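Q: Input: one structure, supplied below.
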Amino acid sequence: MNVPQQMMSPDVLVRAIHVASDPMVSHQARVEASQVLNQVRSMALTDATSGGSANDNGVGGMRPIETVLNLLISASSDERVVFFALTILQACLEAQSPSSADVQIRFEIRQVLLGNVLGIAAVSGGGGAALTNGEVPPSLAPSYVKTKIGVCMALLVRADFVSSWNTAFDDLMSHLLSGQQKPQLKSMDMVREEVYLRTLEAICDEIVDSPGASWVDQCHQIKDVVRGYRLAADGGNIAPSTSISGRIVASLTSLINQYRPLMTETAGRSDAGNGSDVLHRHADQMAVLSMSVLKRHAPWVDLSLVVGDEAVLALLFLCVAAAGVGGDDVDATPRTDLSVQAIHCLSEVVGRGMESSQKVALVAQIDVYRRLHETVQAGFNISTVDVTHVDAVIAVAELIDKVGQELLSAWEEHLAGSNETDVNTLATLLLQMMSIFFPCYAYDDIDVAGAVVPLALRLAVTLGKETDLVARGNGSSALAFTVLEHLPQLLIIMYQQMKYPEDYDFDFEDDEEAEEEQYRAALRKLYQAIVRVAPEISLQFLCSILSGIASPLSTAPTRDLEASLRLVYHYCEGIRPPPGLKTVMKNDTFRDVLTAIHKSDITSHPHREILMLYYDLSVRYYPILRDSPVLLPPILGSLSGTSGLQHPHPRMRSRACYLLLKLIKSIPTVLREYAETAVNGIQSLFSNPTAFPIEPDDKLYLFEAIGILLGKTGMEASEQQGYLTAVMTPHVRFIEEILASPDAKQDPETFGAALAASISAIAFLSKGFKNPCQEVQGVLLETVAICFRVLQALPECDEVRNKTLIFLQRMILCLGPQVLPSMPPFLDLLITHCTNQDVLDVSHLLNQLCSKFKGEAIDAIDPAVSPFLRKCYSLMPTFDEVVDQGDIPPHLLTEQLSIKKISYAFLQYVATYQVTPVLLSSNNISSLKQVLQYMSEGALNVQEPILKKTCIMFFRELVDQWAADGSMPNQQVAVQRGFNQFIGDTIVPGLIKSILDPSFNEKDAMQARSVTQVAKLLSVLREKRGETEYAQIFIGNVILRLQCSGEIIGQFRAAQDDKAIEKALRAMLTALKQAPERP
């Protein structure tokens, strides 16, 4: 659509802008107005990128960009029009490249912006009272308009500074800075100064931080010029203080000095009020914005402009001290924002990249710790919560962390033998650091304390290097600073901080409590690091803490006891050499600690988290219970009673089920005398549930625990049989009752879940038996028939099929070949009713039968082979419906490959474990040709490396078993002949062709495995068919036709094993793929 000239007039465009943004007008009118505006935008962009040569459709012969400038001037009091015009100008400037020669239009843009900045930036938006002097309060002029002006000015600087606008920064300062030195409020001055600050901010965005790819060189040149490099007549550099960057920094500090006193005396002013209040609030924002812009410049201007000027440093720390009062539930005041920005500015300075010795000198020059101490003494509180606003305290903590890490890095270099750093200065700084680090580390707010935990971790690392220094015999007594002397305080504060708040509910789904847990996880990591480098000191500290806990432990404060037990529980995680558990259990002192805890009355503590942590601790350090069985009764009684399995809280009951299983697994032989009692107790809990039921999934832990108690504690065979029968009988009766009920098939979801739970219980019971005796096998074998009845009754129930698969996998392990006669009917139902969700589980069962029983599994698997492959084929998505609509959707392709992977893997298991007679049986012989073609598709055409390798391995195994003369019965000689022909005519040439395909990357580790498998297949073929036939099949019919060099052909002829063949294959791939073209 071409816009007529009359449609480009300012009045028409203003009307279009209003209509397009007015929800009260008709939809059609808004659409038409938007089309006009979009066309104007398109014309302006074309004009900007073509230099005016491609577009003259403006008003009265004006270029479209000039029309936009005219619109900006004529309607400068209309906020929507101004924003529209500025947005188009920004887009035009962004669209230009460094090679654009359209300097004139950019000159006009900057003239309009600088010459009309007040009219453009002070738009009122149609409301608000003017001040008594007639000026518009600047808060009514939106900041986003001023930001837009700043971005446009920055883009102009990027395009023209140095080349055609070398006075850019002079012009900005002269037009936008008032030059006033004393604090005063003038709204128009504020407007200009905010535009100046927004421009500097945009320069950092567009030139310093993220220059476009085509602008990188020009932006680097601009930065160099701004910093005073290569500008003096003699080729030298300009002094930083007189460079452009020096003047920028001076202007920013001047603005801070101008507005900071005003915000100090107006702190707490309400939002409602007259125009003067508006100006005061804007003064607050100006001070913060000025400091924020100074922070943006600190990382790239000359350091001397900040660090070398005492007035600047004094101002920064004066602003740091300006922080207001309040916690994280109180909004930060502008004074707090100013403090935070000043701290971040210091952090940017310290974070500059340089050598360690220079970094130490920089920190010393700033004298950051002394100045922070003075700030603290002046009232900036880093010890008491909510005195100084937490945002500012967090920022200080982050600064302490950053500076401290830099200093410790330099100290570690000194410990390693470096002499570049002034050691005395560094040691003094480190001592100052520790005195201000500890209050932040101990601060009662996780955001503050958490900010210095990384520094605490680094202290642990440095301590380790100090320890290494001592171990080498160099000693540490001569060091002016050591972490070791501060270790006790580091541990004490860590322990205090590990305590949860008094009102902590241990609700791990609550966001705030999740943050508390995340913080304590960081403290535990710190504890592990300290234990790793100072295990004996840590153990002494642990003992002292435990000795300070009030007795008896059953009445000890929860938060104190929980933190103390954490020290014990995590102690082994830091012990070296690994495994820490094995090492720590050799320490008599630590064993005494564990014994004392077990002998206490801690199991009577009322808080569930204490009980859970004690049970966790008991399971982790199980060797003490194995070596001292006398300690077992209290913990077993507690776990199985009202402090564990019968606890009112569901999380406690669930955890008790799991930990009881873990404990029984750890020390089964020690539990022989408790086995009968425990089994009866758990059974009683199942048969007589209390008011606090155990969830079905948690019950499975208990069934497995019963199995271990019966199978691994040393019970006699007859006792195992008796108890196992007693445990299983209720489930068998329950299953029979449901199966006899006519409601089972009418409500398969409810009854299926109940039946599946009983099958699962039997499966988990069997986990306790590794090589069960005949008596136990007899009991388990009876359950196979019962399970089949359940599957037969509800084969369409997903949960029943799932639990049946688990049950059968367990029975294969427990019953061995005895289970094989029962498998065909199970497999028939499972294959018939399986879906995409459980076909993989069915394949795992088939694969397990192959790998476990090999040839013995033939009769069990034979009837299932063809049905399973047909099922896989039926579950694959078909693409007939989408081929005409374009490419196959990725999710369908992924689903197809996943099903192929299942079927390929099954056939590969059949071949690998010598179950191949099933492919020749009367049930499957008619499908053999399709099976071979299906697997050849995977070997020759599928590019996914794992699937390709699987299919090649399948053919390698078949060649090994079928290729040799006499390897098949006489009645199947024709089958063997056809198979060998298929290998020679299809598989061998197809495999060579597939690895020569450009898409096959033999240098990729995964795909390279296919080359190895091809070599192994060829080696087996050579062995089974003899040298003459092999040479004809492979060398004569394949290699010679590829016109390989005589050297490569010679390698293939001489190759006697798969390694030599693989080497020749790789040489062939290299030679043919590097050739200009291959026949």
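In the structure tokens, the first chain shown is A, the next is B, and so on; residue numbers restart at 1 for each chain, and ligands run from 1 in the order shown.
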Considering only C-alpha atoms, return as a VMD selection string whatever protein or nucleic-acid residues lie within 12 Å of Gly978 in chain A, sequence-local ones (same chain, fewer than 4 positions apart) excluded.

A: chain A and resid 928 to 929 932 962 to 963 972 to 974 982 to 986

Q: Write a file of the selected residues as a PDB file, in the first residue's frame, keeping C-alpha atoms.

A:
```pdb
ATOM      1  CA  LEU A 928      11.629 -64.828   8.566  1.00  0.00           C
ATOM      2  CA  LYS A 929      11.960 -62.985   5.275  1.00  0.00           C
ATOM      3  CA  LEU A 932      15.464 -60.021   7.840  1.00  0.00           C
ATOM      4  CA  TRP A 962      23.650 -69.897  10.397  1.00  0.00           C
ATOM      5  CA  ALA A 963      26.259 -69.193   7.720  1.00  0.00           C
ATOM      6  CA  GLN A 972      16.195 -76.082   6.156  1.00  0.00           C
ATOM      7  CA  VAL A 973      19.104 -76.101   3.710  1.00  0.00           C
ATOM      8  CA  ALA A 974      17.083 -73.911   1.356  1.00  0.00           C
ATOM      9  CA  PHE A 982      20.810 -62.270   1.369  1.00  0.00           C
ATOM     10  CA  ILE A 983      23.970 -61.524   3.358  1.00  0.00           C
ATOM     11  CA  GLY A 984      26.166 -61.495   0.247  1.00  0.00           C
ATOM     12  CA  ASP A 985      23.821 -59.624  -2.088  1.00  0.00           C
ATOM     13  CA  THR A 986      22.143 -57.171   0.316  1.00  0.00           C
TER      14      THR A 986
END
```

Q: What lies within 9 Å of Ser822 in chain A using only C-alpha atoms, ignoring chain neighbours under 3 positions off, as a PyMOL selection string?

A: chain A and resi 784-785+788+818-819+825-826+860

Q: So that I can check the surroundings of range 77-88 of chain A, please list as a VMD selection string every protein, DNA and RNA residue that reaches within 7 Å of it, counting only C-alpha atoms and ignoring chain neighbours fewer than 3 positions away.

A: chain A and resid 14 17 41 68 72 91 to 92 119 to 120 123 to 125 145 148 to 149

Q: Find the residues near Phe686 in chain A: any atom within 10 Å, counting only C-alpha atoms, skip ones fewer than 4 places away on the same chain, and give them as a PyMOL selection string.

A: chain A and resi 680-682+690+693-694+699+702+727+730

Q: For the atom pair CA of Ser1010 in chain A and CA of Thr878 in chain A, what is the interatomic distance in Å to one decimal place?

A: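 Computed distance, CA of Ser1010 in chain A to CA of Thr878 in chain A, equals 28.0 Å.
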